[in-house]
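A.B. asks: Compact mmCIF, C-alpha atoms, file run.txt:
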```
# COMPACT_ATOMS: atom_id res chain seq x y z
CA MET M 16 215.61 59.17 137.25
CA ILE M 17 216.19 61.47 140.17
CA LEU M 18 214.94 64.54 138.28
CA GLY M 19 211.66 62.74 137.66
CA ALA M 20 211.36 61.84 141.33
CA VAL M 21 211.83 65.40 142.55
CA GLN M 22 209.85 67.28 139.90
CA ASN M 23 206.98 68.09 142.25
CA TYR M 24 209.17 69.42 145.05
CA PRO M 25 209.59 73.17 145.57
CA VAL M 26 212.44 74.91 143.79
CA THR M 27 214.73 77.36 145.55
CA VAL M 28 216.53 79.96 143.48
CA VAL M 29 220.05 80.81 144.58
CA GLY M 30 221.30 84.08 143.12
CA PRO M 31 224.83 84.69 141.85
CA HIS M 32 227.22 84.38 144.84
CA GLY M 33 224.25 83.26 146.93
CA VAL M 34 224.48 80.58 149.61
CA LEU M 35 222.22 77.50 149.69
CA VAL M 36 223.45 75.98 152.96
CA GLN M 37 225.98 77.12 155.48
CA GLU M 38 228.64 74.80 156.94
CA GLY M 39 227.46 73.75 160.41
CA GLN M 40 223.82 74.46 159.64
CA LYS M 41 221.31 71.64 159.98
CA THR M 42 218.55 71.87 157.40
CA GLY M 43 217.45 68.22 157.37
CA LYS M 44 216.85 68.62 153.64
CA LEU M 45 218.10 66.90 150.56
CA TYR M 46 218.85 69.11 147.57
CA VAL M 47 218.91 68.24 143.89
CA LEU M 48 220.40 70.63 141.34
CA LYS M 49 217.88 71.60 138.65
CA SER M 50 219.98 74.08 136.70
CA GLY M 51 222.95 76.38 137.13
CA ASP M 52 226.07 75.69 139.17
CA LEU M 53 226.97 75.01 142.79
CA GLU M 54 230.26 75.15 144.64
CA ILE M 55 231.14 73.19 147.74
CA VAL M 56 233.36 75.05 150.18
CA ARG M 57 234.84 73.49 153.27
CA ASP M 58 236.99 75.34 155.81
CA GLY M 59 237.13 78.21 153.34
CA SER M 60 238.52 76.19 150.45
CA LEU M 61 236.70 75.11 147.33
CA VAL M 62 236.24 71.33 147.37
CA ALA M 63 234.12 70.79 144.29
CA SER M 64 232.11 72.49 141.57
CA ILE M 65 228.90 70.91 140.40
CA GLY M 66 227.17 71.67 137.13
CA GLU M 67 225.15 68.59 136.24
CA ALA M 68 221.41 68.70 136.72
CA GLY M 69 220.35 65.86 139.03
CA ALA M 70 223.38 66.15 141.34
CA ILE M 71 222.43 65.28 144.92
CA ILE M 72 223.51 67.51 147.78
CA GLY M 73 223.08 67.05 151.52
CA GLU M 74 222.92 63.25 151.59
CA MET M 75 225.62 62.87 154.26
CA SER M 76 223.84 65.28 156.54
CA VAL M 77 220.51 63.50 156.00
CA LEU M 78 221.86 59.97 156.44
CA LEU M 79 223.94 60.79 159.50
CA ASP M 80 221.41 63.22 160.94
CA GLN M 81 224.16 65.79 161.29
CA PRO M 82 224.74 69.42 160.35
CA HIS M 83 226.08 70.09 156.85
CA SER M 84 229.83 69.63 156.75
CA ALA M 85 230.37 72.21 154.01
CA THR M 86 228.95 75.42 152.62
CA VAL M 87 227.14 75.20 149.31
CA ARG M 88 227.04 78.38 147.25
CA SER M 89 226.54 79.33 143.64
CA ARG M 90 228.83 81.30 141.39
CA MET M 91 226.46 82.15 138.55
CA GLY M 92 223.17 81.27 140.20
CA ALA M 93 221.22 78.02 140.44
CA GLU M 94 217.80 76.44 140.73
CA VAL M 95 217.61 73.68 143.31
CA TYR M 96 214.86 71.24 144.26
CA CYS M 97 214.41 71.06 148.03
CA VAL M 98 213.27 67.74 149.46
CA ASP M 99 212.10 68.55 152.97
CA ASP M 100 211.09 64.99 153.92
CA PRO M 101 214.20 63.13 152.69
CA ASN M 102 213.64 59.92 154.63
CA ARG M 103 210.12 59.48 153.33
CA PHE M 104 211.28 60.53 149.86
CA LEU M 105 214.05 57.92 149.79
CA ASP M 106 211.71 55.25 151.11
CA ALA M 107 209.31 56.01 148.27
CA ASN M 108 212.10 56.12 145.67
CA PRO M 109 214.23 52.99 146.05
CA GLY M 110 216.09 53.85 142.84
CA VAL M 111 217.34 57.09 144.34
CA ALA M 112 218.24 55.38 147.62
CA ARG M 113 220.20 52.84 145.61
CA GLN M 114 221.90 55.65 143.67
CA ILE M 115 223.00 57.31 146.91
CA ALA M 116 224.20 54.01 148.38
CA SER M 117 226.28 53.32 145.26
CA LEU M 118 227.68 56.84 145.34
CA LEU M 119 228.74 56.28 148.93
CA ALA M 120 230.29 52.93 148.11
CA VAL M 121 232.42 54.59 145.42
CA ARG M 122 233.37 57.36 147.82
CA LEU M 123 234.27 54.87 150.55
CA GLN M 124 236.42 52.95 148.12
CA LYS M 125 238.31 56.13 147.21
CA THR M 126 238.80 57.38 150.75
CA THR M 127 239.86 53.95 151.96
CA ALA M 128 242.39 53.61 149.13
CA LEU M 129 243.79 57.01 150.03
CA LEU M 130 244.02 56.10 153.68
CA VAL M 131 245.86 52.86 152.90
CA ASP M 132 248.24 54.86 150.69
CA MET M 133 248.96 57.36 153.41
CA ARG M 134 249.46 54.70 156.07
CA GLN M 135 251.90 52.98 153.74
CA GLN M 136 253.80 56.26 153.35
CA ALA M 137 253.84 56.77 157.09
CA LYS M 138 255.20 53.27 157.59
CA GLU M 139 257.93 53.76 155.02
CA ARG M 140 258.91 56.97 156.77
CA GLU M 141 259.01 55.17 160.11
CA ASP M 142 261.23 52.48 158.63
CA HIS M 143 263.47 55.19 157.30
CA VAL M 144 263.76 56.87 160.71
CA MET M 145 264.46 53.52 162.33
CA PHE M 146 267.20 52.84 159.80
CA ASP M 147 268.75 56.24 160.50
CA LYS M 148 268.74 55.52 164.23
CA ILE M 149 270.37 52.13 163.81
CA PHE M 150 272.88 53.63 161.41
CA ALA M 151 273.70 56.38 163.93
CA LEU M 152 274.38 53.72 166.57
CA LEU M 153 276.83 51.98 164.27
CA LYS M 154 278.83 55.12 163.60
CA MET Q 14 211.33 34.06 161.58
CA ALA Q 15 208.90 31.22 161.04
CA ASP Q 16 207.51 32.74 157.85
CA SER Q 17 210.75 34.12 156.46
CA PRO Q 18 210.61 34.88 152.73
CA THR Q 19 212.28 32.61 150.20
CA TRP Q 20 215.13 35.01 149.40
CA LEU Q 21 216.26 35.08 153.01
CA LYS Q 22 218.14 31.95 153.98
CA PHE Q 23 219.30 31.09 157.44
CA GLU Q 24 222.61 29.24 157.23
CA TRP Q 25 225.16 27.63 159.48
CA PHE Q 26 228.85 27.45 158.62
CA PRO Q 27 231.50 25.47 160.51
CA ALA Q 28 234.67 27.24 161.66
CA GLY Q 29 237.13 27.69 158.81
CA SER Q 30 234.61 27.86 155.99
CA VAL Q 31 234.73 30.62 153.41
CA LEU Q 32 231.51 32.62 153.06
CA LEU Q 33 232.63 35.10 150.42
CA GLU Q 34 235.75 34.71 148.34
CA GLN Q 35 237.92 37.55 147.12
CA GLY Q 36 237.69 37.97 143.34
CA THR Q 37 234.30 36.34 142.96
CA GLU Q 38 231.04 38.15 142.32
CA THR Q 39 228.21 36.49 144.18
CA GLY Q 40 225.49 39.12 144.39
CA LYS Q 41 224.99 37.97 147.99
CA LEU Q 42 224.61 39.91 151.18
CA ILE Q 43 225.53 38.20 154.41
CA VAL Q 44 224.27 39.31 157.79
CA LEU Q 45 226.01 37.87 160.83
CA LYS Q 46 223.75 36.43 163.51
CA ASP Q 47 226.09 34.58 165.80
CA GLY Q 48 229.77 33.65 165.84
CA GLU Q 49 232.93 35.33 164.58
CA LEU Q 50 233.77 36.27 161.01
CA GLU Q 51 237.14 37.34 159.70
CA VAL Q 52 237.98 39.51 156.70
CA THR Q 53 241.24 38.90 154.84
CA ARG Q 54 242.71 40.38 151.67
CA ASP Q 55 245.45 38.65 149.70
CA GLY Q 56 245.79 36.32 152.67
CA LYS Q 57 246.39 39.17 155.11
CA PHE Q 58 244.15 39.77 158.10
CA ILE Q 59 242.04 42.94 157.82
CA SER Q 60 239.47 42.69 160.60
CA SER Q 61 237.16 40.39 162.49
CA THR Q 62 233.81 40.84 164.13
CA ARG Q 63 231.35 39.14 166.44
CA SER Q 64 228.70 41.87 166.17
CA PRO Q 65 225.30 40.45 165.28
CA GLY Q 66 223.87 42.41 162.36
CA ALA Q 67 227.25 43.06 160.73
CA ILE Q 68 226.82 43.12 156.94
CA PHE Q 69 229.19 41.65 154.36
CA GLY Q 70 229.20 41.94 150.59
CA GLU Q 71 227.59 45.37 150.33
CA MET Q 72 230.50 47.04 148.51
CA SER Q 73 230.70 44.39 145.82
CA LEU Q 74 226.95 44.52 145.47
CA LEU Q 75 226.64 48.28 145.10
CA LEU Q 76 229.73 48.67 142.94
CA GLU Q 77 228.74 45.61 140.89
CA LYS Q 78 232.32 44.36 141.14
CA PRO Q 79 233.93 41.22 142.56
CA HIS Q 80 234.51 40.98 146.32
CA THR Q 81 237.75 42.72 147.28
CA ALA Q 82 238.26 40.55 150.34
CA THR Q 83 237.53 37.07 151.65
CA VAL Q 84 235.11 36.54 154.53
CA SER Q 85 235.57 33.35 156.51
CA ALA Q 86 234.27 31.82 159.71
CA VAL Q 87 236.61 31.88 162.73
CA THR Q 88 234.15 30.00 164.91
CA ASP Q 89 231.02 28.15 163.91
CA VAL Q 90 228.80 30.86 162.48
CA GLU Q 91 225.10 31.43 162.04
CA CYS Q 92 224.04 34.00 159.50
CA TYR Q 93 221.40 35.18 157.10
CA VAL Q 94 222.24 34.96 153.44
CA ILE Q 95 220.39 37.12 150.94
CA GLU Q 96 220.78 35.81 147.41
CA ASP Q 97 220.41 38.17 144.46
CA ALA Q 98 220.47 40.98 146.98
CA LEU Q 99 220.30 43.86 144.52
CA LYS Q 100 216.82 42.74 143.51
CA VAL Q 101 215.79 42.35 147.12
CA LEU Q 102 217.05 45.85 147.95
CA GLU Q 103 214.95 47.30 145.15
CA THR Q 104 211.84 46.13 146.94
CA HIS Q 105 213.19 47.04 150.40
CA PRO Q 106 214.28 50.67 150.19
CA SER Q 107 214.58 50.92 153.98
CA TRP Q 108 217.37 48.33 153.89
CA THR Q 109 219.10 50.24 151.14
CA LEU Q 110 218.87 53.31 153.33
CA GLN Q 111 220.26 51.40 156.27
CA ILE Q 112 223.23 50.31 154.17
CA ALA Q 113 223.62 53.87 152.86
CA ARG Q 114 223.73 55.11 156.47
CA LEU Q 115 226.36 52.57 157.34
CA LEU Q 116 228.45 53.60 154.33
CA ALA Q 117 228.00 57.28 155.17
CA GLN Q 118 229.38 56.60 158.65
CA ARG Q 119 232.35 54.76 157.22
CA VAL Q 120 233.01 57.53 154.69
CA ASN Q 121 232.84 59.99 157.55
CA ASN Q 122 235.39 57.99 159.53
CA THR Q 123 237.85 57.61 156.68
CA THR Q 124 237.44 61.28 155.71
CA GLN Q 125 238.10 62.27 159.31
CA GLN Q 126 241.26 60.20 159.38
CA LEU Q 127 242.37 61.67 156.07
CA MET Q 128 241.78 65.20 157.33
CA GLU Q 129 243.81 64.47 160.45
CA ALA Q 130 246.68 63.17 158.37
CA ARG Q 131 246.51 66.09 155.96
CA PRO Q 132 249.60 68.23 155.42
CA GLY Q 133 249.57 71.31 157.60
CA ARG Q 134 247.95 69.62 160.58
CA ASP Q 135 251.20 68.43 161.98
CA GLU Q 136 253.26 71.61 161.83
CA GLU Q 137 256.19 70.77 164.09
CA ASP Q 138 258.24 68.92 161.57
CA ASP Q 139 257.80 69.15 157.83
CA ASP Q 140 259.37 65.77 157.30
CA GLN Q 141 256.84 64.13 159.57
CA ARG Q 142 253.90 65.26 157.47
CA LEU Q 143 251.92 62.76 155.57
CA ILE Q 144 251.91 63.69 151.94
CA MET Q 145 248.60 63.77 150.19
CA PRO Q 146 249.06 62.03 146.84
CA HIS Q 147 248.86 64.45 143.92
CA TYR Q 148 245.67 62.97 142.52
CA VAL Q 149 243.73 63.62 145.69
CA ILE Q 150 242.21 66.88 144.67
CA SER Q 151 240.98 65.68 141.29
CA ASP Q 152 239.97 62.28 142.53
CA TRP Q 153 238.57 63.25 145.86
CA ALA Q 154 236.63 66.24 144.63
CA ASP Q 155 233.41 64.77 145.85
CA PRO Q 156 230.93 67.11 147.52
CA GLN Q 157 230.15 65.15 150.72
CA VAL Q 158 227.83 67.63 152.29
```
Please, can you express the file's structure as structure tokens?
C.D. replies:
Amino acid sequence: MILGAVQNYPVTVVGPHGVLVQEGQKTGKLYVLKSGDLEIVRDGSLVASIGEAGAIIGEMSVLLDQPHSATVRSRMGAEVYCVDDPNRFLDANPGVARQIASLLAVRLQKTTALLVDMRQQAKEREDHVMFDKIFALLK
Amino acid sequence: MADSPTWLKFEWFPAGSVLLEQGTETGKLIVLKDGELEVTRDGKFISSTRSPGAIFGEMSLLLEKPHTATVSAVTDVECYVIEDALKVLETHPSWTLQIARLLAQRVNNTTQQLMEARPGRDEEDDDQRLIMPHYVISDWADPQV
């Protein structure tokens, strides 16, 4: 669906080891992978590799009107559609907007579950420390 | 809203009533207009809000899964109820975008909190570190650019 929606947008070619967007840069664009591979690098570490045509990149930056929070580069080279008017594009393509919203809902569910998990761990550790303190008093 | 469309209902709920029930799938979106709503999960308090415009039911709607929490009225509450909201969103992309923005902000917040709790941030004492569960990398490998 998304590939059909972007087919008339310009295509940027990223060469092997080339960079599409730089962390901290604000392009205001939405990117859709046409072919090839992309790697997401944050704080110098590889966060994800993307190889499926139709993958959306840059949606957080567009929605939050913020600079890109990661660098996007290619290992073997890639062709990428560049949507330079993302807000108008999403308004005209409700299906894509819906796709992005659902993607974010899934992501939120995952990050929230992780956060709950980590808080639980922290609490257990606190309980443990408290127990040690009480135990030390009894000695 | 004299000429409000048929899918948008203005409703009033007395204090104590349940607007969305955990485990059910309603396909509804609820937008708070006035009053206080409370979110609980498994009977435990999660949050409450009085902010007009606060949206409820969007996760269940977008994930096409049952509600993971119960939303009930603390005070008497006035709100807008959108039935069969997925269909309505299809014809109102700007609302979908608004919800996407909201979710993006929330993802940003949770990600931020996760990053802060990540091992290596708190160097003083190894035992005090929060341990990232082992499945994080595979499960969390989501671009988020």
A.B. asks: Using all atoms listed in the file, pick whichever of M:Asp142, M:Asp147, M:Glu74, M:Asp100 has the shortest atom-to-atom distance to chain Q.
C.D. replies: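 Result for the nearest residue to chain Q: M:Glu74.
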A.B. asks: So which residues touch region 86-98 of chain M within 7 Å, counting only C-alpha atoms, skipping near sequence neighbours fewer than 6 positions away, as a PDB file with C-alpha atoms, in the coordinates of the input?
C.D. replies:
```
ATOM      1  CA  VAL M  21     211.830  65.400 142.550  1.00  0.00           C
ATOM      2  CA  TYR M  24     209.170  69.420 145.050  1.00  0.00           C
ATOM      3  CA  PRO M  25     209.590  73.170 145.570  1.00  0.00           C
ATOM      4  CA  VAL M  26     212.440  74.910 143.790  1.00  0.00           C
ATOM      5  CA  THR M  27     214.730  77.360 145.550  1.00  0.00           C
ATOM      6  CA  VAL M  28     216.530  79.960 143.480  1.00  0.00           C
ATOM      7  CA  VAL M  29     220.050  80.810 144.580  1.00  0.00           C
ATOM      8  CA  GLY M  30     221.300  84.080 143.120  1.00  0.00           C
ATOM      9  CA  PRO M  31     224.830  84.690 141.850  1.00  0.00           C
ATOM     10  CA  HIS M  32     227.220  84.380 144.840  1.00  0.00           C
ATOM     11  CA  GLY M  33     224.250  83.260 146.930  1.00  0.00           C
ATOM     12  CA  VAL M  34     224.480  80.580 149.610  1.00  0.00           C
ATOM     13  CA  LEU M  35     222.220  77.500 149.690  1.00  0.00           C
ATOM     14  CA  VAL M  36     223.450  75.980 152.960  1.00  0.00           C
ATOM     15  CA  GLN M  37     225.980  77.120 155.480  1.00  0.00           C
ATOM     16  CA  GLU M  38     228.640  74.800 156.940  1.00  0.00           C
ATOM     17  CA  LYS M  44     216.850  68.620 153.640  1.00  0.00           C
ATOM     18  CA  LEU M  45     218.100  66.900 150.560  1.00  0.00           C
ATOM     19  CA  TYR M  46     218.850  69.110 147.570  1.00  0.00           C
ATOM     20  CA  VAL M  47     218.910  68.240 143.890  1.00  0.00           C
ATOM     21  CA  LEU M  48     220.400  70.630 141.340  1.00  0.00           C
ATOM     22  CA  LYS M  49     217.880  71.600 138.650  1.00  0.00           C
ATOM     23  CA  SER M  50     219.980  74.080 136.700  1.00  0.00           C
ATOM     24  CA  GLY M  51     222.950  76.380 137.130  1.00  0.00           C
ATOM     25  CA  ASP M  52     226.070  75.690 139.170  1.00  0.00           C
ATOM     26  CA  LEU M  53     226.970  75.010 142.790  1.00  0.00           C
ATOM     27  CA  GLU M  54     230.260  75.150 144.640  1.00  0.00           C
ATOM     28  CA  ILE M  55     231.140  73.190 147.740  1.00  0.00           C
ATOM     29  CA  VAL M  56     233.360  75.050 150.180  1.00  0.00           C
ATOM     30  CA  ARG M  57     234.840  73.490 153.270  1.00  0.00           C
TER      31      ARG M  57
END
```
A.B. asks: What's the separation between CA of Glu91 (chain Q) and CA of Phe23 (chain Q), in Å to one decimal place?
C.D. replies: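 That distance, rounded to one decimal, is 7.4 Å.
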A.B. asks: Using all atoms listed in the file, which of the listed residues (Q:Pro65, Q:Gly56, Q:Gly48, Q:Pro18) sits closest to Glu34 (chain Q)?
C.D. replies: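 Answer, going by the shortest atom-to-atom distance: Q:Gly56.
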A.B. asks: Identify, on the basis of only C-alpha atoms, every residue whose closest approach to Pro109 (chain M) does not exceed 7 Å; exclude the query and any residue fewer than 3 positions from it along the same chain; express the result as a PyMOL selection string.
C.D. replies: (chain M and resi 105-106+112-113) or (chain Q and resi 103+106)
A.B. asks: With all atoms listed in the file as the atoms that count, which of M:Ile72, M:Ala85, M:Leu119, M:Leu78 lies nearest to Ser60 (chain M)?
C.D. replies: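 Smallest separation from Ser60 (chain M) among the options: M:Ala85.
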A.B. asks: So the first atom is CA of Asp97 (chain Q) and the second is CA of Gly40 (chain Q); what is the distance between them in Å, to one decimal place?
C.D. replies: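 Value for the CA of Asp97 (chain Q)-CA of Gly40 (chain Q) distance: 5.2 Å.
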A.B. asks: Name the closest residue to chain Q among the candidates M:Asp80, M:Asp58, M:Ile71, M:Leu123; distances are taken between atoms, counting all atoms listed in the file.
C.D. replies: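 So, comparing all the options, the nearest one is M:Leu123.
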A.B. asks: Using Å and a single decimal, report how far CA of Ala120 (chain M) sits from CA of Asp132 (chain M).
C.D. replies: 18.2 Å
A.B. asks: Which one of Q:Ala98, Q:Met72, Q:Glu129, Q:Leu21 sits closest to chain M if you count all atoms listed in the file?
C.D. replies: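 Once distances to chain M are computed over all atoms listed in the file, the minimum belongs to Q:Met72.
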A.B. asks: Just want the 9 Å neighbourhood of Ser73 (chain Q), counted on only C-alpha atoms, with same-chain residues fewer than 4 positions away dropped. Output as a list of chain:residue names.
C.D. replies: M:Ala120, Q:Glu38, Q:Thr39, Q:Gly40, Q:Lys41, Q:Glu77, Q:Lys78, Q:Pro79, Q:His80, Q:Thr81
A.B. asks: Have a look at M:Ser84, M:Thr42, M:Gln124, M:Gln135 and name the one nearest to chain Q; count all atoms listed in the file.
C.D. replies: M:Ser84
A.B. asks: Write out as a list in words the residues lying within 7 Å of region 111-126 of chain Q, counting all atoms listed in the file and excluding same-chain residues fewer than 2 positions away.
C.D. replies: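 My list of contacting residues is Met75, Leu78, Leu79, Ile115, Ala116, Leu119, Ala120, Arg122, Leu123, Thr126 and Thr127 of chain M; Ser107, Trp108, Thr109, Met128, Glu129 and Ala130 of chain Q.
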